[in-house]
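For reference, the structure is listed below as structure tokens.
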Amino acid sequence: MNAINQSGWRPEMGSGGEGAAPATYTGNKALMLEEPLLFEIGDAERTGVDLPERPKVASRLAGLERNRPIGLPGLSEPEAVRHYTRLSRQNYAIDLGLFPLGSCTMKHNPRLNEKMARLPGFADLHPLTPVDGTQGALAVIHLVGEWLKALTNMPGIAMSPKAGAHGELCGLLAIRAAHEARGDARKTILVPESAHGTNPATAAFAGYQVKGIPANEDGRVDLDALKAALSPEVAGVMITNPNTCGLFERDLIAICEAVHGIGGYVYCDGANFNAIVGRVRPGDLGVDAMHINLHKTFSTPHGGGGPGSGPVVFSAALAPFAPLPFVEKHDDRYVLVEEETVAEEGHSKAFGRMVAFHGQMGMFTRAAAYMLSHGADGLKQVSEDAVLSANYILRSLEGVMDAPFAGAGPCMHEAIFSDKGFAEGFSTLDVAKGLIDEGFHPMTVYFPLVVHGAMLVEPTETESKAALDQFIGALRAVAQRAKAGDTALKAAPLYAPRRRLDETAAARKPVLAWKEPVAAPAAE
């Protein structure tokens, strides 16, 4: 079962230490099942279904057709279902416990929102359905857009960007269009060290030169350094607020005034909006464009739940340049505006369009359900509870884990720790692996880069005090082991379905395809 074959090293199932329990015939440990590969369950010589003989037809592929078997294993329906069900039991999910990833806002998603997203008319909506047959869907898109404008106090919005980085690109393209419209094309975007990691990549992708701005000792933007970097070549600044150190950028008004003073614009990364929703309106601070991750702040499944959604709100200066299409309400009817010639007072100078269709109906429906069920006061409580949870974790671990910015004031959505104080040879990775043995998915590690051995924890607002206390106790216990130099921690995780991988080898020499093992020749 655990033999090494040509597909690469097969890690051992955790056992809690050598000799902790006798070996089993199957390799299973009670309900922790040792799952073989699909290729080891089935083989290409059999199939689990009966298919009719393929009719003889002339090929239209001009000799490009495959003339050899594709080599996929054949499985019966029970074999396939059991395989993926057993794999799912080895996964961690928000429905199993706290998911402490920093800067990811892995909150519980209310099942009410899932039910709404699956309603007929939303779940099965085709993008080419005529506007008269999509009035309900357009009403939801418009409703979410109006809420986002109210929550940010920004008059323009683009609902079509499909994720955070897509929204960043949308904002930068609007900034470029605004500069070009006045004959003032610019080359440089400033990106602080405390900004979200995708910001410099997006700026470079948009064709800008990226200039970094250092953080001060409090983990915030160095205002003097930013002002010194301003010039007529600067198109704008991409700033994350709250930033990736979990701190509110309290100089944001001064930053916006300085950037506007040289004719630039301020793009705010709204990935961490969950920490300020209902409490702070970015438009009041001088922000010109900001994306909002519906799949973070407004309860959309993270990862495998389908496309994300990153609407972008715009200031009055940039709203005319926002992309098509967009939804307008004309009396009691909703209109999808897709041509610049009929944009009127909306996106009258639109830079183009980001996508063919909006395409995120489930994301909009979940967000609308979340907003309506919480109300304005409930959304305010969301941010308050999220900040309270993060600060509870930060202060509960004082004296146990180093928190480099603990003296810089309250944190916002997340608490950040470093590896300072660990015994020699022990690292952040050891703590992360030790948390797996405690039954938790590890926090974000080694990011942001401004903190050595960073550990970034975001509990969100959906965890109870009891759940937070259990996580704090587990993290405290593992950190104390790292400080004491407990050598057993170097082997963690011991109780997981798989033991610790050689992550360097896995990254540099990944095995991405299965190869049938070659039988060893019999000894003479």
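The way I read the labels, and the way they are meant: chains A, B, ... in the order of the structure tokens, residue 1 as the first residue of every chain, and ligand 1 as the first ligand shown, with later ones counted on from there.
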When DSSP is applied to the backbone of this structure, which of segment 116-257 of chain A are assigned helix (DSSP H, G or I)? Write them out as a ChimeraX atom specification.
/A:116-117,131-133,135-152,164-181,198-205,223-229,252-257
Strand (DSSP E) per DSSP on the backbone: members of segment 47-201 of chain A, as JSON, numbers by chain
{"A": [156, 157, 158, 188, 189, 190, 191, 192]}
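With atom CA of Met32 of chain A on one side and atom CA of Pro497 of chain A on the other, the separation reads 7.1 Å.
Restricting the calculation to only C-alpha atoms, the smallest distance between His374 of chain A and any of A:Pro110, A:Gly283, A:Pro69, A:Pro36 is found for A:Pro110.
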Would you list the contacts of Phe326 of chain A as a PyMOL selection string, taking every protein, DNA or RNA residue within 7 Å and counting only C-alpha atoms, but skipping same-chain residues closer than 4 positions in sequence?
chain A and resi 158-159+336-337
Can you spit out the residues from that selection as a PDB file, in the first residue's frame, using C-alpha atoms?
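As a result, selection_37.pdb now contains:
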```pdb
ATOM      1  CA  ALA A 158     -18.420  48.319 -11.599  1.00  0.00           C
ATOM      2  CA  MET A 159     -19.975  44.977 -10.679  1.00  0.00           C
ATOM      3  CA  LEU A 336     -28.153  46.439 -18.730  1.00  0.00           C
ATOM      4  CA  VAL A 337     -26.078  49.164 -20.388  1.00  0.00           C
TER       5      VAL A 337
END
```
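Taking atom CA of Cys256 of chain A as the reference point, atom CA of Leu285 of chain A is found at 7.4 Å.
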Once you count only C-alpha atoms, what closest atom pair and distance in Å to one decimal does each residue of segment 372-405 of chain A within 10 Å of segment 477-484 of chain A have, with rows by chain and rising residue number, as a Markdown table?
```
| residue | atom | partner | partner_atom | distance |
| --- | --- | --- | --- | --- |
| A:Leu397 | CA | A:Ala479 | CA | 9.7 |
| A:Val400 | CA | A:Gln480 | CA | 7.0 |
| A:Met401 | CA | A:Ala479 | CA | 6.9 |
```
